[in-house]
$ cat model_24.csv   # CSV, C-alpha atoms
chain,number,residue,atom,x,y,z
A,1,MET,CA,86.2,96.7,71.3
A,2,ALA,CA,84.2,93.5,71.1
A,3,ASN,CA,86.7,91.9,68.7
A,4,PRO,CA,89.5,89.9,70.4
A,5,PRO,CA,93.1,91.1,69.8
A,6,THR,CA,94.8,89.8,66.7
A,7,GLU,CA,97.6,87.2,67.0
A,8,GLU,CA,100.1,89.8,65.9
A,9,LEU,CA,99.0,92.2,68.6
A,10,VAL,CA,99.2,89.5,71.3
A,11,GLN,CA,102.8,88.8,70.1
A,12,GLN,CA,103.6,92.5,70.4
A,13,TRP,CA,102.2,92.6,73.9
A,14,GLU,CA,104.2,89.5,75.0
A,15,SER,CA,107.3,91.0,73.6
A,16,GLU,CA,106.7,94.3,75.4
A,17,GLN,CA,106.0,92.5,78.7
A,18,THR,CA,109.2,90.5,78.3
A,19,ARG,CA,111.2,93.7,77.7
A,20,LEU,CA,109.7,95.7,80.6
A,21,ARG,CA,109.9,92.7,82.9
A,22,GLU,CA,113.6,93.0,82.9
A,23,GLN,CA,113.2,96.5,84.5
A,24,VAL,CA,111.2,95.4,87.5
A,25,VAL,CA,113.0,95.8,90.8
A,26,GLU,CA,111.8,93.4,93.5
A,27,GLN,CA,113.8,95.0,96.4
A,28,ASP,CA,113.3,97.9,98.7
A,29,THR,CA,114.7,101.1,97.1
A,30,GLU,CA,113.4,103.8,99.4
A,31,PRO,CA,114.6,104.7,103.0
A,32,TRP,CA,111.1,104.6,104.4
A,33,GLN,CA,110.7,101.0,103.3
A,34,LYS,CA,113.4,99.9,105.6
A,35,SER,CA,111.9,101.6,108.7
A,36,PRO,CA,109.9,99.4,111.1
A,37,ASP,CA,107.1,102.0,111.2
A,38,PHE,CA,107.7,103.3,107.6
A,39,SER,CA,109.1,106.6,109.0
A,40,GLY,CA,109.3,109.1,106.1
A,41,LEU,CA,106.3,107.7,104.3
A,42,GLU,CA,103.7,110.5,104.0
A,43,ARG,CA,101.6,109.8,100.9
A,44,VAL,CA,100.1,106.6,99.6
A,45,ALA,CA,97.9,106.3,96.6
A,46,GLY,CA,95.4,103.8,95.1
A,47,VAL,CA,94.3,103.5,91.5
A,48,ASP,CA,91.5,101.6,89.9
A,49,LEU,CA,89.5,101.4,86.7
A,50,SER,CA,85.8,100.6,87.0
A,51,PHE,CA,83.3,100.0,84.3
A,52,ILE,CA,79.7,100.8,83.4
A,53,LYS,CA,77.7,97.5,83.1
A,54,GLY,CA,77.3,96.5,79.5
A,55,ASP,CA,79.7,99.1,78.2
A,56,GLU,CA,83.1,97.8,77.0
A,57,VAL,CA,84.5,101.2,76.0
A,58,ASN,CA,83.8,103.8,78.6
A,59,ALA,CA,85.2,103.4,82.1
A,60,CYS,CA,86.1,105.5,85.2
A,61,ALA,CA,89.8,105.9,86.0
A,62,GLN,CA,90.2,106.7,89.6
A,63,LEU,CA,93.2,108.0,91.7
A,64,VAL,CA,93.2,108.8,95.3
A,65,VAL,CA,96.1,110.0,97.5
A,66,LEU,CA,96.0,109.5,101.3
A,67,SER,CA,98.1,110.8,104.1
A,68,TYR,CA,100.1,108.1,105.9
A,69,PRO,CA,99.7,106.9,108.6
A,70,GLN,CA,96.4,108.8,109.1
A,71,LEU,CA,94.9,107.5,105.8
A,72,GLU,CA,93.0,110.7,105.2
A,73,VAL,CA,92.2,111.8,101.7
A,74,LEU,CA,94.5,114.5,100.3
A,75,TYR,CA,93.6,114.3,96.6
A,76,GLU,CA,91.1,112.4,94.5
A,77,GLU,CA,90.2,112.3,90.9
A,78,SER,CA,87.6,110.4,88.8
A,79,THR,CA,87.8,110.7,85.1
A,80,MET,CA,85.7,109.1,82.4
A,81,VAL,CA,87.9,107.5,79.8
A,82,ALA,CA,87.4,105.8,76.4
A,83,LEU,CA,89.5,102.6,76.2
A,84,THR,CA,91.3,101.9,73.0
A,85,MET,CA,92.5,98.4,73.6
A,86,PRO,CA,90.5,95.1,73.8
A,87,TYR,CA,90.6,92.9,76.9
A,88,MET,CA,92.5,89.7,77.0
A,89,ALA,CA,93.4,87.7,80.2
A,90,GLY,CA,97.1,88.3,81.1
A,91,PHE,CA,97.2,91.6,79.2
A,92,LEU,CA,95.0,93.8,81.3
A,93,ALA,CA,97.7,96.4,81.6
A,94,PHE,CA,97.6,97.3,77.9
A,95,ARG,CA,94.0,98.2,78.3
A,96,GLU,CA,94.1,100.0,81.7
A,97,THR,CA,97.6,101.4,82.4
A,98,PRO,CA,97.5,104.3,79.9
A,99,SER,CA,94.6,106.0,81.7
A,100,LEU,CA,96.1,105.4,85.1
A,101,LEU,CA,99.4,106.9,83.9
A,102,GLU,CA,97.6,109.9,82.7
A,103,ALA,CA,96.0,110.4,86.1
A,104,LEU,CA,99.4,110.3,87.8
A,105,LYS,CA,100.7,112.7,85.1
A,106,ARG,CA,97.9,115.2,85.8
A,107,LEU,CA,98.6,115.0,89.5
A,108,ARG,CA,102.4,115.7,88.9
A,109,CYS,CA,101.5,118.7,86.7
A,110,ASN,CA,98.9,120.2,88.9
A,111,LYS,CA,99.8,119.2,92.5
A,112,PRO,CA,103.4,117.9,92.5
A,113,GLU,CA,103.6,118.2,96.2
A,114,LEU,CA,101.0,115.5,96.5
A,115,MET,CA,102.7,112.9,94.3
A,116,PRO,CA,102.5,109.5,96.1
A,117,GLN,CA,105.6,107.7,97.4
A,118,VAL,CA,103.9,104.4,96.7
A,119,VAL,CA,100.9,103.3,94.7
A,120,PHE,CA,98.5,100.4,95.4
A,121,VAL,CA,97.0,98.9,92.3
A,122,ASP,CA,93.8,96.9,92.3
A,123,GLY,CA,95.3,93.9,90.5
A,124,ASN,CA,98.4,91.7,90.4
A,125,GLY,CA,102.1,92.4,90.1
A,126,VAL,CA,104.7,89.7,89.8
A,127,PHE,CA,101.9,87.2,90.6
A,128,HIS,CA,101.0,86.8,86.9
A,129,TYR,CA,101.3,84.5,84.0
A,130,ARG,CA,104.5,86.1,82.8
A,131,GLU,CA,105.4,87.6,86.2
A,132,PHE,CA,104.4,91.1,84.9
A,133,GLY,CA,100.9,92.2,85.9
A,134,ILE,CA,99.4,95.6,85.8
A,135,ALA,CA,101.1,96.7,89.1
A,136,CYS,CA,104.5,96.0,87.5
A,137,HIS,CA,103.5,97.7,84.3
A,138,LEU,CA,102.4,100.9,86.1
A,139,GLY,CA,105.4,100.8,88.3
A,140,VAL,CA,108.0,100.5,85.6
A,141,LEU,CA,106.4,103.2,83.3
A,142,SER,CA,105.8,105.6,86.2
A,143,GLY,CA,109.0,104.9,88.1
A,144,ILE,CA,107.0,104.9,91.4
A,145,PRO,CA,107.0,102.0,93.9
A,146,CYS,CA,103.9,99.9,93.3
A,147,VAL,CA,102.1,97.1,95.1
A,148,GLY,CA,99.6,94.8,93.5
A,149,VAL,CA,96.6,93.8,95.7
A,150,ALA,CA,94.0,91.5,94.1
A,151,LYS,CA,90.8,90.5,95.7
A,152,ASN,CA,90.6,87.1,93.9
A,153,LEU,CA,93.2,84.4,93.4
A,154,LEU,CA,94.8,84.2,90.0
A,155,GLN,CA,95.3,80.5,89.4
A,156,VAL,CA,98.7,80.5,87.7
A,157,GLU,CA,102.1,78.8,87.8
A,158,GLY,CA,100.9,75.9,89.9
A,159,VAL,CA,98.9,78.0,92.4
A,160,TYR,CA,95.3,76.7,92.6
A,161,LYS,CA,92.2,77.4,94.6
A,162,ASP,CA,92.2,73.9,95.9
A,163,GLU,CA,91.7,72.2,99.3
A,164,GLU,CA,95.2,72.9,100.3
A,165,HIS,CA,94.8,76.6,99.6
A,166,GLN,CA,91.5,76.7,101.5
A,167,SER,CA,93.2,75.1,104.5
A,168,GLN,CA,96.0,77.6,104.4
A,169,ILE,CA,93.4,80.4,104.4
A,170,ALA,CA,91.6,78.8,107.4
A,171,ALA,CA,95.0,78.8,109.3
A,172,LEU,CA,95.2,82.6,109.0
A,173,GLN,CA,94.2,83.5,112.6
A,174,LYS,CA,94.6,87.2,112.8
A,175,GLY,CA,95.2,90.3,110.8
A,176,GLY,CA,98.7,90.4,109.4
A,177,ASP,CA,99.0,86.6,109.0
A,178,SER,CA,100.0,85.5,105.6
A,179,PHE,CA,101.3,82.5,103.5
A,180,PRO,CA,103.4,82.4,100.3
A,181,LEU,CA,102.0,81.8,96.9
A,182,THR,CA,104.7,79.5,95.5
A,183,ALA,CA,105.0,78.7,91.8
A,184,SER,CA,105.8,75.2,90.5
A,185,SER,CA,109.4,76.5,90.0
A,186,GLY,CA,109.7,77.2,93.7
A,187,LYS,CA,109.6,80.9,93.3
A,188,VAL,CA,107.4,82.9,95.7
A,189,LEU,CA,105.3,85.1,93.5
A,190,GLY,CA,103.2,86.8,96.2
A,191,LYS,CA,101.4,86.2,99.5
A,192,ALA,CA,97.9,85.7,100.7
A,193,LEU,CA,97.3,88.1,103.5
A,194,ARG,CA,94.6,88.3,106.1
A,195,SER,CA,94.5,92.0,106.0
A,196,SER,CA,92.0,92.7,108.8
A,197,GLU,CA,90.5,91.1,111.9
A,198,LYS,CA,87.2,92.0,110.4
A,199,SER,CA,87.5,89.7,107.4
A,200,SER,CA,88.7,86.1,107.2
A,201,LYS,CA,88.9,86.3,103.4
A,202,PRO,CA,92.4,87.2,102.3
A,203,VAL,CA,93.8,89.6,99.7
A,204,TYR,CA,96.6,88.6,97.4
A,205,VAL,CA,99.7,90.8,97.5
A,206,SER,CA,102.5,90.9,95.0
A,207,VAL,CA,105.4,93.1,94.1
A,208,GLY,CA,104.8,95.7,91.5
A,209,HIS,CA,108.0,97.6,91.4
A,210,LYS,CA,110.7,99.1,93.7
A,211,ILE,CA,109.6,97.2,96.8
A,212,SER,CA,110.2,93.8,98.4
A,213,LEU,CA,107.4,91.3,98.9
A,214,ASP,CA,107.7,91.3,102.7
A,215,THR,CA,107.6,95.1,102.8
A,216,ALA,CA,104.6,95.1,100.4
A,217,VAL,CA,102.7,92.8,102.7
A,218,ARG,CA,103.6,94.7,105.8
A,219,LEU,CA,102.6,98.0,104.2
A,220,THR,CA,99.3,96.6,102.9
A,221,HIS,CA,98.4,95.4,106.3
A,222,SER,CA,99.2,98.8,107.8
A,223,CYS,CA,96.9,100.4,105.3
A,224,CYS,CA,93.9,98.2,106.0
A,225,ARG,CA,91.0,99.2,108.2
A,226,TYR,CA,88.9,96.6,106.5
A,227,ARG,CA,89.7,93.8,104.0
A,228,VAL,CA,90.8,96.1,101.1
A,229,PRO,CA,93.6,98.6,101.8
A,230,GLU,CA,92.3,102.2,102.1
A,231,PRO,CA,94.1,103.6,99.1
A,232,ILE,CA,92.1,101.2,96.9
A,233,ARG,CA,88.9,101.2,98.9
A,234,GLN,CA,88.7,105.0,98.9
A,235,ASN,CA,88.2,104.9,95.1
A,236,ARG,CA,84.4,105.2,95.7
A,237,SER,CA,82.9,107.0,92.8
A,238,SER,CA,81.0,104.7,90.6
A,239,PRO,CA,81.4,104.9,86.8
A,240,GLN,CA,77.7,105.5,86.5
A,241,GLU,CA,77.9,108.6,88.8
A,242,THR,CA,80.9,110.0,87.0
A,243,GLY,CA,79.5,109.2,83.6
A,244,SER,CA,76.3,111.0,84.4
A,245,TRP,CA,78.3,114.1,85.3
A,246,PHE,CA,80.2,114.0,82.0
A,247,LYS,CA,77.0,113.4,80.1
A,248,ALA,CA,75.3,116.3,81.7
A,249,THR,CA,78.2,118.7,81.0
A,250,GLY,CA,78.9,117.3,77.5
A,251,ARG,CA,82.5,116.6,78.4
A,252,LYS,CA,84.4,113.4,77.8
A,253,LYS,CA,88.1,112.6,77.9
A,254,SER,CA,89.7,110.1,75.6
A,255,ILE,CA,92.9,108.6,76.8
A,256,GLN,CA,95.7,108.0,74.3
A,257,VAL,CA,97.9,104.9,74.4
A,258,ILE,CA,101.3,105.5,75.9
A,259,LYS,CA,104.1,103.4,74.5
A,260,GLY,CA,107.3,102.5,76.2
A,261,THR,CA,108.7,104.7,78.9
A,262,ASN,CA,109.0,107.9,76.9
A,263,HIS,CA,105.8,109.6,78.1
A,264,GLU,CA,106.3,113.2,79.2
A,265,TRP,CA,106.0,114.2,82.9
A,266,CYS,CA,105.8,117.8,84.1
$ encode --input "model_24.csv" --output "structure tokens"
Amino acid sequence: MANPPTEELVQQWESEQTRLREQVVEQDTEPWQKSPDFSGLERVAGVDLSFIKGDEVNACAQLVVLSYPQLEVLYEESTMVALTMPYMAGFLAFRETPSLLEALKRLRCNKPELMPQVVFVDGNGVFHYREFGIACHLGVLSGIPCVGVAKNLLQVEGVYKDEEHQSQIAALQKGGDSFPLTASSGKVLGKALRSSEKSSKPVYVSVGHKISLDTAVRLTHSCCRYRVPEPIRQNRSSPQETGSWFKATGRKKSIQVIKGTNHEWC
């Protein structure tokens, strides 16, 4: 895992991103998305992958499903996984998406009535080097609407954390205020959102799949009690805690890489 990916592997990843990018839908596709109060939306999920300090192989894949608009926990899972792909900036999805897909697959098999109608991903979507971040990757492969919410600004396509950006952040006066993240090409790749009155530090929202940017921003704000939306914030179990349980019981789950869109769903 410490070895960087080979040039051949990187080329394969780039080709796969280009192929899957063509399948991303950046418009609203569900009736609830068109409702001012998201009428019809009942379940929202958040996914994340967290790591044990100093360990590049073992991680904790987390999935939580909340009721909407109450934002109460309906389902949660934390699973220790063994990662099979190295990390490289811009290709995070190839390292993390397989285990997140497996978590959604287990939910569909075991509790299909709790499948989420939208998934919040701790990372970027279209706001990415090749406009295909982990939220897009997960959305296309799962077929579920996804929203990317990043805590830190990805400096890409002419978007920089410079004085202008800082002044735009300062101009966000209240929760729900936002400004566009515009690429050098003129395309809006995402928005910086002041998600809560309790925090002046924004989050960075971008389309993952099957949702428009304006709807993604509005939904993110509606799911925020604090800075980070509840579906992501509720992934509370640390990898150390989950890892200790697996170590004590002698159990460990190894996640297999899922290629393309041919993974089996129950």
$ closest_residue --input "model_24.csv" --among "A:Ser222, A:Glu8, A:Ile169, A:Arg227" --to "Leu71 (chain A)" --atoms "all atoms listed in the file"
A:Ser222
$ closest_residue --input "model_24.csv" --among "A:Pro86, A:Gly175, A:Pro116, A:Gly208" --to "His137 (chain A)" --atoms "all atoms listed in the file"
A:Gly208
$ atom_distance --input "model_24.csv" --atom1 "CA of Ala216 (chain A)" --atom2 "CA of Gln70 (chain A)"
18.2 Å
$ atom_distance --input "model_24.csv" --atom1 "CA of Thr220 (chain A)" --atom2 "CA of Phe120 (chain A)"
8.4 Å
$ atom_distance --input "model_24.csv" --atom1 "CA of Leu181 (chain A)" --atom2 "CA of Phe127 (chain A)"
8.3 Å
$ closest_residue --input "model_24.csv" --among "A:Val207, A:Val118, A:Ala183, A:Cys223" --to "Tyr160 (chain A)" --atoms "all atoms listed in the file"
A:Ala183
$ residues_near_point --input "model_24.csv" --point "(110.2, 100.9, 99.8)" --cutoff "8 Å" --atoms "only C-alpha atoms" --output "list of chain:residue names"
A:Gln27, A:Asp28, A:Thr29, A:Glu30, A:Pro31, A:Trp32, A:Gln33, A:Lys34, A:Val118, A:Pro145, A:Lys210, A:Ile211, A:Ser212, A:Thr215
$ closest_residue --input "model_24.csv" --among "A:Val47, A:Val205, A:Cys224, A:Cys109" --to "Gly148 (chain A)" --atoms "all atoms listed in the file"
A:Val205
$ residues_around --input "model_24.csv" --residues "Asp122 (chain A)" --least-positions-apart "6" --cutoff "9 Å" --atoms "only C-alpha atoms" --output "PyMOL selection string"
chain A and resi 46-49+134-135+147-151+232
$ residues_around --input "model_24.csv" --residues "Val73 (chain A)" --least-positions-apart "2" --cutoff "10 Å" --atoms "only C-alpha atoms" --output "PyMOL selection string"
chain A and resi 43-45+64-68+70-71+75-76+230-231+234
$ closest_residue --input "model_24.csv" --among "A:Leu114, A:Leu41, A:Val24, A:Cys60" --to "Asn235 (chain A)" --atoms "all atoms listed in the file"
A:Cys60
$ axis_aligned_box --input "model_24.csv" --around "region 137-148 of chain A" --padding-each-side "5 Å" --output "JSON"
{"center_x": 104.3, "center_y": 100.2, "center_z": 89.2, "size_x": 19.4, "size_y": 20.8, "size_z": 21.8}
$ closest_residue --input "model_24.csv" --among "A:Leu9, A:Leu101, A:Met80, A:Val57" --to "Val119 (chain A)" --atoms "all atoms listed in the file"
A:Leu101
$ residues_near_point --input "model_24.csv" --point "(85.2, 96.0, 74.6)" --cutoff "10 Å" --atoms "only C-alpha atoms" --output "compact mmCIF listing (two decimals) with C-alpha atoms, in the coordinates of the input"
# COMPACT_ATOMS: atom_id res chain seq x y z
CA MET A 1 86.20 96.70 71.30
CA ALA A 2 84.20 93.50 71.10
CA ASN A 3 86.70 91.90 68.70
CA PRO A 4 89.50 89.90 70.40
CA GLY A 54 77.30 96.50 79.50
CA ASP A 55 79.70 99.10 78.20
CA GLU A 56 83.10 97.80 77.00
CA VAL A 57 84.50 101.20 76.00
CA ASN A 58 83.80 103.80 78.60
CA LEU A 83 89.50 102.60 76.20
CA THR A 84 91.30 101.90 73.00
CA MET A 85 92.50 98.40 73.60
CA PRO A 86 90.50 95.10 73.80
CA TYR A 87 90.60 92.90 76.90
CA MET A 88 92.50 89.70 77.00
CA ARG A 95 94.00 98.20 78.30
$ decode --input "model_24.csv" --residues "region 119-140 of chain A" --atoms "N, CA and C atoms" --output "compact mmCIF listing (two decimals), in the first residue's frame"
# COMPACT_ATOMS: atom_id res chain seq x y z
N VAL A 119 -27.71 10.26 -0.83
CA VAL A 119 -26.53 9.98 0.00
C VAL A 119 -25.61 11.19 0.01
N PHE A 120 -25.23 11.62 1.20
CA PHE A 120 -24.21 12.65 1.37
C PHE A 120 -22.84 11.97 1.50
N VAL A 121 -21.90 12.44 0.71
CA VAL A 121 -20.56 11.86 0.71
C VAL A 121 -19.58 12.86 1.26
N ASP A 122 -18.73 12.42 2.18
CA ASP A 122 -17.70 13.28 2.75
C ASP A 122 -16.57 13.42 1.72
N GLY A 123 -16.76 14.32 0.77
CA GLY A 123 -15.80 14.51 -0.32
C GLY A 123 -16.45 15.30 -1.44
N ASN A 124 -15.78 15.37 -2.57
CA ASN A 124 -16.25 16.19 -3.68
C ASN A 124 -16.97 15.36 -4.73
N GLY A 125 -17.79 16.06 -5.51
CA GLY A 125 -18.45 15.47 -6.66
C GLY A 125 -17.86 16.05 -7.93
N VAL A 126 -18.64 16.87 -8.63
CA VAL A 126 -18.18 17.50 -9.87
C VAL A 126 -17.03 18.47 -9.61
N PHE A 127 -16.94 19.00 -8.40
CA PHE A 127 -15.83 19.89 -8.04
C PHE A 127 -14.57 19.05 -7.84
N HIS A 128 -13.89 18.79 -8.94
CA HIS A 128 -12.82 17.80 -8.97
C HIS A 128 -11.94 18.06 -10.18
N TYR A 129 -10.72 17.54 -10.17
CA TYR A 129 -9.76 17.75 -11.26
C TYR A 129 -10.35 17.38 -12.62
N ARG A 130 -11.05 16.27 -12.68
CA ARG A 130 -11.65 15.82 -13.94
C ARG A 130 -13.18 15.80 -13.83
N GLU A 131 -13.70 16.62 -12.92
CA GLU A 131 -15.15 16.75 -12.70
C GLU A 131 -15.80 15.41 -12.40
N PHE A 132 -15.07 14.56 -11.64
CA PHE A 132 -15.62 13.26 -11.29
C PHE A 132 -15.00 12.79 -9.98
N GLY A 133 -15.44 13.39 -8.90
CA GLY A 133 -14.95 13.01 -7.58
C GLY A 133 -15.70 11.82 -7.02
N ILE A 134 -15.41 11.50 -5.76
CA ILE A 134 -15.95 10.29 -5.14
C ILE A 134 -17.47 10.29 -5.06
N ALA A 135 -18.10 11.47 -4.88
CA ALA A 135 -19.56 11.51 -4.82
C ALA A 135 -20.19 11.16 -6.16
N CYS A 136 -19.53 11.55 -7.27
CA CYS A 136 -19.99 11.15 -8.60
C CYS A 136 -19.80 9.65 -8.80
N HIS A 137 -18.64 9.16 -8.41
CA HIS A 137 -18.31 7.74 -8.59
C HIS A 137 -19.33 6.87 -7.85
N LEU A 138 -19.60 7.20 -6.60
CA LEU A 138 -20.55 6.42 -5.81
C LEU A 138 -21.96 6.54 -6.39
N GLY A 139 -22.32 7.74 -6.84
CA GLY A 139 -23.65 7.94 -7.39
C GLY A 139 -23.89 7.14 -8.66
N VAL A 140 -22.94 7.19 -9.59
CA VAL A 140 -23.09 6.48 -10.86
C VAL A 140 -23.15 4.97 -10.63
